Amino acid sequence: MDVRIFTRMFKNPLILSFIVFLSVMGPGIITANVDNDAGGITTYSLAGSQFGYDLLWLFIPMIIALAIIQEMGVRMGIVSGKGLADLIREKVGIKLTFLMMVALLAANIGNILAEFSGIAVSSSIFGIPKFIALPVAALAVWLLVVKGTYKSVEKVFLIASSLYLSYIVAGFLSQPNWAFAVHNTIVPQITINTAYITMIIGLVGTTIAPWMMFYIQSSVVEKGISLKNLKYSKYDAVIGAIVVNIVAFFIVIACAATINANGIQVNNVVDVSLALAPLAGQYASILFAFGFLNASLFAASILPLSTAYYVCESLGFEAGVSKSFREAPIFHGLYLGLIIFAVVIIMLPNVPLLSILYLSQVANGILLPFLLILMLLIINDKRIMGEHVNSRLFNLISGVTIVVVMGLSISLVITSLF
């Protein structure tokens, strides 16, 4: 290529913008994709298996809600240069922050156990016993953070995010009724019964979780994204919200077109993977199981990391993937401790994992409304955000989103308890 042509290309505003976007891309896409963890994939699978195409309409409002919350997170992180736990401590004081962090830690322990349980389940589909899979996975997850820098770890996480494409392929292999799927995406199919409402609560609850608000903000701070590149980070947040819901959409599609269409009863992801083989082909079954293993490993890396971030930030300890063990001993010690604890617990016989998962969901449901309100208070504080506070329109949209999410979170707590 002629040097002059090459030079003109890089002077093109669109190409320059794309290059800048690639440099800041990561926090939004990674955070959103971790929502498709072991619990999330199980929920989406059961939604498609039990209700067919009826719940596809829900993905449009879920994209909007997740995009708004992620955008606020990156904006607060870039403008303030601080993590969410830092800002909450400054806003409400150390005592209330400490109580909130204890509750969030308890909830996240349950979530981390779920991810390592997902590793055990998905590896068993491929014939690997959990006594081998869990220690190997734990070692890989730990080495990734201990031996890596933020940039290298982020690259691995982005690769893991791209592997979710296996679910989109599995969705096409299931040969769904596209006309019916598109119609149900645009026109809500609402049924007033307990099972349907509970599934809606579960879908929204697995899409928006408290831990993700802390992780995305800590990520943009550690990545060092400048204020001049804020708009590109916003694109990253919005694209992440869209991509994660497209993947979830295809999980529901795959199960609706095969399992629901044939009236097969399933209770978990193993049942779903096995049922797909005769209905959509062996490749669809393998891709589905592979996606679940990738999701569990991915989330098993991120959730302990998110926990270590907000605990250290809230208590004023050094935190960061790029920092050595000597520079951030509490951060790295907590990350390692959470991984070891989860592996040991999942290896124990007769662990009441279902009860642990229920309790963690209850804790998430209780904390989520408080965190959303605090985020809205912080993002409208001109001392912190300056000219980057929410506009009236954005406050209205955010407010409606928060009210809806709060209502669903309260419903999630009630249904989980009773």
# chains A, B, ... in the order shown; residues from 1 in each chain; ligands from 1
call {"tool": "residues_around", "arguments": {"residues": "A:Gly291", "least_positions_apart": "3", "cutoff": "7 Å", "atoms": "only C-alpha atoms", "output": "NGL selection string"}}
result
:A and (164 or 166-167 or 287-288 or 294-295)
call {"tool": "residues_around", "arguments": {"residues": "A:Phe331", "least_positions_apart": "6", "cutoff": "7 Å", "atoms": "only C-alpha atoms", "output": "PDB file with C-alpha atoms, in the first residue's frame"}}
result
ATOM      1  CA  ALA A 308     -11.698  -7.832  46.203  1.00  0.00           C
ATOM      2  CA  TYR A 309     -12.057  -4.456  44.466  1.00  0.00           C
ATOM      3  CA  CYS A 312     -10.462  -2.855  49.493  1.00  0.00           C
ATOM      4  CA  GLU A 318      -4.684  -0.647  47.811  1.00  0.00           C
ATOM      5  CA  ALA A 319      -6.412  -2.549  45.005  1.00  0.00           C
TER       6      ALA A 319
END
call {"tool": "atom_distance", "arguments": {"atom1": "atom CA of A:Ala237", "atom2": "atom CA of A:Thr149"}}
result
21.9 Å
call {"tool": "atom_distance", "arguments": {"atom1": "atom CA of A:Gln282", "atom2": "atom CA of A:Thr42"}}
result
19.6 Å
call {"tool": "closest_residue", "arguments": {"among": "A:Val24, A:Ala289, A:Ala47, A:Ala32", "to": "A:Lys151", "atoms": "only C-alpha atoms"}}
result
A:Val24
call {"tool": "residues_around", "arguments": {"residues": "stretch 336-342 of chain A", "least_positions_apart": "2", "cutoff": "10 Å", "atoms": "only C-alpha atoms", "output": "tab-separated table (two decimals) with C-alpha atoms, in the first residue's frame"}}
result
chain	number	residue	atom	x	y	z
A	108	ASN	CA	-21.05	-12.56	46.40
A	109	ILE	CA	-19.76	-15.62	48.26
A	110	GLY	CA	-22.99	-17.36	47.25
A	111	ASN	CA	-22.53	-16.19	43.66
A	112	ILE	CA	-18.89	-17.34	43.56
A	113	LEU	CA	-19.94	-20.77	44.84
A	114	ALA	CA	-22.47	-20.91	42.01
A	115	GLU	CA	-19.78	-20.22	39.40
A	116	PHE	CA	-17.46	-22.95	40.69
A	117	SER	CA	-20.45	-25.26	40.88
A	134	LEU	CA	-11.99	-27.49	40.13
A	135	PRO	CA	-8.32	-27.32	41.27
A	137	ALA	CA	-9.70	-24.05	37.12
A	138	ALA	CA	-8.85	-22.38	40.44
A	139	LEU	CA	-5.12	-22.41	39.65
A	141	VAL	CA	-7.99	-18.22	37.52
A	142	TRP	CA	-5.51	-17.29	40.25
A	143	LEU	CA	-2.45	-17.28	37.97
A	145	VAL	CA	-4.58	-12.25	37.96
A	146	VAL	CA	-1.37	-12.80	39.95
A	300	ALA	CA	-15.31	-17.45	38.49
A	301	SER	CA	-12.49	-15.05	37.52
A	303	LEU	CA	-16.70	-12.24	40.74
A	304	PRO	CA	-13.84	-12.77	43.24
A	305	LEU	CA	-12.05	-9.89	41.50
A	307	THR	CA	-15.36	-8.57	45.52
A	308	ALA	CA	-11.70	-7.83	46.20
A	330	ILE	CA	-5.28	-7.47	51.10
A	331	PHE	CA	-6.55	-7.33	47.50
A	332	HIS	CA	-4.59	-10.37	46.32
A	333	GLY	CA	-5.09	-12.26	49.59
A	334	LEU	CA	-8.85	-11.81	49.45
A	344	VAL	CA	-13.27	-26.50	49.06
A	345	ILE	CA	-17.01	-25.96	49.64
A	346	ILE	CA	-18.06	-27.30	46.22
A	347	MET	CA	-15.90	-30.40	46.72
call {"tool": "atom_distance", "arguments": {"atom1": "atom CA of A:Ser49", "atom2": "atom CA of A:Thr31"}}
result
26.4 Å
call {"tool": "select_by_dssp", "arguments": {"residues": "stretch 13-103 of chain A", "states": "alpha helix (DSSP H)", "output": "ChimeraX atom specification"}}
result
/A:13-24,27-34,38-51,59-80,84-92,94-103
call {"tool": "residues_around", "arguments": {"residues": "A:Gly407", "least_positions_apart": "2", "cutoff": "12 Å", "atoms": "only C-alpha atoms", "output": "PyMOL selection string"}}
result
chain A and resi 200-201+204-205+365-366+368-369+400-405+409-414
call {"tool": "write_last_selection", "arguments": {"atoms": "N, CA and C atoms", "output": "short mmCIF file (atom, residue, chain, number, x, y, z; two decimals), in the first residue's frame"}}
result
data_model
loop_
_atom_site.label_atom_id
_atom_site.label_comp_id
_atom_site.auth_asym_id
_atom_site.auth_seq_id
_atom_site.Cartn_x
_atom_site.Cartn_y
_atom_site.Cartn_z
N ILE A 200 -39.94 -13.82 35.04
CA ILE A 200 -39.59 -12.44 34.67
C ILE A 200 -38.64 -11.86 35.71
N ILE A 201 -38.97 -12.06 36.99
CA ILE A 201 -38.12 -11.58 38.08
C ILE A 201 -36.73 -12.19 37.98
N VAL A 204 -34.70 -10.63 34.95
CA VAL A 204 -34.21 -9.29 35.25
C VAL A 204 -33.14 -9.34 36.34
N GLY A 205 -33.37 -10.18 37.34
CA GLY A 205 -32.42 -10.31 38.45
C GLY A 205 -31.07 -10.82 38.03
N GLY A 365 -31.13 -8.99 45.91
CA GLY A 365 -32.39 -8.27 45.76
C GLY A 365 -32.56 -7.16 46.77
N ILE A 366 -32.08 -7.37 47.99
CA ILE A 366 -32.17 -6.35 49.03
C ILE A 366 -31.21 -5.20 48.74
N LEU A 368 -29.67 -4.29 45.79
CA LEU A 368 -29.75 -3.62 44.50
C LEU A 368 -30.48 -2.27 44.54
N PRO A 369 -31.68 -2.18 45.14
CA PRO A 369 -32.36 -0.87 45.17
C PRO A 369 -31.55 0.20 45.88
N VAL A 400 -37.23 5.83 36.31
CA VAL A 400 -38.19 4.78 35.95
C VAL A 400 -37.53 3.41 36.00
N THR A 401 -36.31 3.33 35.46
CA THR A 401 -35.56 2.07 35.48
C THR A 401 -35.36 1.59 36.91
N ILE A 402 -34.97 2.51 37.79
CA ILE A 402 -34.70 2.15 39.18
C ILE A 402 -35.97 1.68 39.88
N VAL A 403 -37.10 2.40 39.63
CA VAL A 403 -38.37 2.00 40.26
C VAL A 403 -38.78 0.59 39.82
N VAL A 404 -38.64 0.31 38.53
CA VAL A 404 -39.00 -1.02 38.00
C VAL A 404 -38.08 -2.09 38.59
N VAL A 405 -36.76 -1.82 38.56
CA VAL A 405 -35.80 -2.79 39.09
C VAL A 405 -36.01 -3.00 40.58
N SER A 409 -36.86 -6.43 42.29
CA SER A 409 -35.93 -6.93 43.32
C SER A 409 -36.67 -7.29 44.60
N ILE A 410 -37.62 -6.44 44.98
CA ILE A 410 -38.43 -6.73 46.17
C ILE A 410 -39.25 -8.00 45.95
N SER A 411 -39.79 -8.13 44.72
CA SER A 411 -40.55 -9.35 44.38
C SER A 411 -39.65 -10.58 44.42
N LEU A 412 -38.39 -10.42 43.96
CA LEU A 412 -37.43 -11.52 43.98
C LEU A 412 -37.16 -11.97 45.42
N VAL A 413 -37.00 -11.00 46.32
CA VAL A 413 -36.77 -11.33 47.73
C VAL A 413 -37.96 -12.11 48.30
N ILE A 414 -39.16 -11.63 48.00
CA ILE A 414 -40.37 -12.27 48.53
C ILE A 414 -40.53 -13.68 47.99
#
call {"tool": "residues_around", "arguments": {"residues": "A:Leu56", "least_positions_apart": "4", "cutoff": "9 Å", "atoms": "only C-alpha atoms", "output": "PyMOL selection string"}}
result
chain A and resi 48+52+60+181-182+184-186+188-189+249+252-253
call {"tool": "residues_around", "arguments": {"residues": "A:Ile225", "least_positions_apart": "2", "cutoff": "12 Å", "atoms": "only C-alpha atoms", "output": "JSON, numbers by chain"}}
result
{"A": [20, 21, 22, 23, 24, 25, 26, 27, 74, 75, 76, 77, 78, 79, 80, 81, 82, 217, 218, 219, 220, 221, 222, 223, 227, 228, 229, 230, 231, 232, 233, 234, 236]}
call {"tool": "write_last_selection", "arguments": {"atoms": "N, CA and C atoms", "output": "CSV table (one decimal), in the first residue's frame"}}
result
chain,number,residue,atom,x,y,z
A,20,VAL,N,-9.5,4.8,18.7
A,20,VAL,CA,-9.7,5.2,20.1
A,20,VAL,C,-10.6,4.3,20.8
A,21,PHE,N,-11.7,4.0,20.2
A,21,PHE,CA,-12.7,3.1,20.8
A,21,PHE,C,-12.1,1.7,21.2
A,22,LEU,N,-11.3,1.2,20.3
A,22,LEU,CA,-10.6,-0.1,20.6
A,22,LEU,C,-9.7,0.0,21.8
A,23,SER,N,-9.1,1.2,22.0
A,23,SER,CA,-8.2,1.4,23.1
A,23,SER,C,-8.9,1.5,24.4
A,24,VAL,N,-10.2,1.9,24.4
A,24,VAL,CA,-10.9,2.0,25.7
A,24,VAL,C,-11.9,0.9,25.9
A,25,MET,N,-12.1,0.1,24.9
A,25,MET,CA,-13.1,-1.0,24.9
A,25,MET,C,-12.6,-2.0,26.0
A,26,GLY,N,-13.6,-2.6,26.7
A,26,GLY,CA,-13.3,-3.7,27.6
A,26,GLY,C,-14.2,-3.7,28.8
A,27,PRO,N,-14.1,-2.7,29.7
A,27,PRO,CA,-14.9,-2.7,30.9
A,27,PRO,C,-16.4,-3.0,30.7
A,74,VAL,N,-19.6,3.9,34.1
A,74,VAL,CA,-18.4,4.4,33.5
A,74,VAL,C,-18.2,5.9,33.6
A,75,ARG,N,-19.4,6.6,33.6
A,75,ARG,CA,-19.3,8.1,33.7
A,75,ARG,C,-18.8,8.5,35.1
A,76,MET,N,-19.3,7.8,36.1
A,76,MET,CA,-18.9,8.1,37.5
A,76,MET,C,-17.4,7.8,37.7
A,77,GLY,N,-17.0,6.7,37.1
A,77,GLY,CA,-15.6,6.2,37.3
A,77,GLY,C,-14.6,7.1,36.6
A,78,ILE,N,-14.9,7.5,35.4
A,78,ILE,CA,-14.0,8.3,34.6
A,78,ILE,C,-14.0,9.8,35.1
A,79,VAL,N,-15.1,10.3,35.4
A,79,VAL,CA,-15.2,11.7,35.9
A,79,VAL,C,-14.5,11.9,37.3
A,80,SER,N,-14.9,11.0,38.2
A,80,SER,CA,-14.4,11.1,39.6
A,80,SER,C,-13.0,10.5,39.8
A,81,GLY,N,-12.6,9.5,38.9
A,81,GLY,CA,-11.4,8.8,39.1
A,81,GLY,C,-11.4,7.8,40.3
A,82,LYS,N,-12.6,7.5,40.8
A,82,LYS,CA,-12.7,6.6,42.0
A,82,LYS,C,-13.7,5.5,41.7
A,217,GLN,N,-17.0,0.2,37.4
A,217,GLN,CA,-16.4,1.4,37.7
A,217,GLN,C,-14.9,1.3,38.1
A,218,SER,N,-14.6,0.2,38.9
A,218,SER,CA,-13.2,-0.1,39.2
A,218,SER,C,-12.4,-0.3,38.0
A,219,SER,N,-13.0,-1.0,37.0
A,219,SER,CA,-12.3,-1.3,35.7
A,219,SER,C,-11.9,-0.1,35.0
A,220,VAL,N,-12.8,0.9,34.8
A,220,VAL,CA,-12.5,2.1,34.0
A,220,VAL,C,-11.4,2.9,34.8
A,221,VAL,N,-11.5,2.9,36.1
A,221,VAL,CA,-10.5,3.7,36.9
A,221,VAL,C,-9.1,3.0,36.7
A,222,GLU,N,-9.0,1.7,36.9
A,222,GLU,CA,-7.7,1.1,36.8
A,222,GLU,C,-7.2,1.1,35.3
A,223,LYS,N,-8.1,1.1,34.4
A,223,LYS,CA,-7.7,1.2,33.0
A,223,LYS,C,-7.1,2.6,32.6
A,227,LEU,N,-11.0,11.6,30.5
A,227,LEU,CA,-12.3,12.3,30.4
A,227,LEU,C,-12.6,12.6,28.9
A,228,LYS,N,-11.5,12.9,28.1
A,228,LYS,CA,-11.7,13.2,26.7
A,228,LYS,C,-12.2,11.9,25.9
A,229,ASN,N,-12.0,10.7,26.5
A,229,ASN,CA,-12.5,9.5,25.8
A,229,ASN,C,-13.7,8.9,26.4
A,230,LEU,N,-14.4,9.8,27.2
A,230,LEU,CA,-15.6,9.3,27.9
A,230,LEU,C,-16.7,8.8,27.0
A,231,LYS,N,-16.9,9.5,25.9
A,231,LYS,CA,-18.0,9.0,25.0
A,231,LYS,C,-17.7,7.6,24.4
A,232,TYR,N,-16.4,7.3,24.2
A,232,TYR,CA,-16.1,6.0,23.7
A,232,TYR,C,-16.3,4.9,24.7
A,233,SER,N,-16.1,5.2,26.0
A,233,SER,CA,-16.3,4.3,27.0
A,233,SER,C,-17.8,4.1,27.2
A,234,LYS,N,-18.6,5.1,26.9
A,234,LYS,CA,-20.1,5.0,26.9
A,234,LYS,C,-20.5,4.0,25.9
A,236,ASP,N,-18.8,1.6,24.7
A,236,ASP,CA,-18.4,0.2,25.2
A,236,ASP,C,-19.5,-0.3,26.2
call {"tool": "closest_residue", "arguments": {"among": "A:Val311, A:Lys323, A:Phe172, A:Met375", "to": "A:Leu99", "atoms": "only C-alpha atoms"}}
result
A:Val311
call {"tool": "residues_around", "arguments": {"residues": "A:Gly40", "least_positions_apart": "3", "cutoff": "10 Å", "atoms": "only C-alpha atoms", "output": "list in words"}}
result
Val34, Asp35, Asn36, Asp37, Thr43, Tyr44, Ser45, Leu46, Gly202, Leu203, Val204, Gly205, Thr206, Thr207, Ala248, Phe292 and Ala295 of chain A
call {"tool": "write_last_selection", "arguments": {"atoms": "C-alpha atoms", "output": "mmCIF file, in the first residue's frame"}}
result
data_model
loop_
_atom_site.group_PDB
_atom_site.id
_atom_site.type_symbol
_atom_site.label_atom_id
_atom_site.label_comp_id
_atom_site.auth_asym_id
_atom_site.auth_seq_id
_atom_site.Cartn_x
_atom_site.Cartn_y
_atom_site.Cartn_z
ATOM 1 C CA VAL A 34 -20.284 -11.911 33.008
ATOM 2 C CA ASP A 35 -24.024 -11.502 33.593
ATOM 3 C CA ASN A 36 -24.318 -14.612 31.423
ATOM 4 C CA ASP A 37 -22.808 -16.731 34.186
ATOM 5 C CA THR A 43 -32.288 -19.106 33.982
ATOM 6 C CA TYR A 44 -32.335 -18.319 30.248
ATOM 7 C CA SER A 45 -32.366 -22.041 29.403
ATOM 8 C CA LEU A 46 -35.331 -22.700 31.668
ATOM 9 C CA GLY A 202 -35.411 -14.203 37.593
ATOM 10 C CA LEU A 203 -34.481 -12.915 34.124
ATOM 11 C CA VAL A 204 -34.206 -9.288 35.248
ATOM 12 C CA GLY A 205 -32.424 -10.306 38.454
ATOM 13 C CA THR A 206 -29.766 -12.256 36.592
ATOM 14 C CA THR A 207 -29.236 -9.372 34.128
ATOM 15 C CA ALA A 248 -29.187 -14.537 26.138
ATOM 16 C CA PHE A 292 -21.620 -23.009 29.938
ATOM 17 C CA ALA A 295 -19.284 -18.739 31.269
#
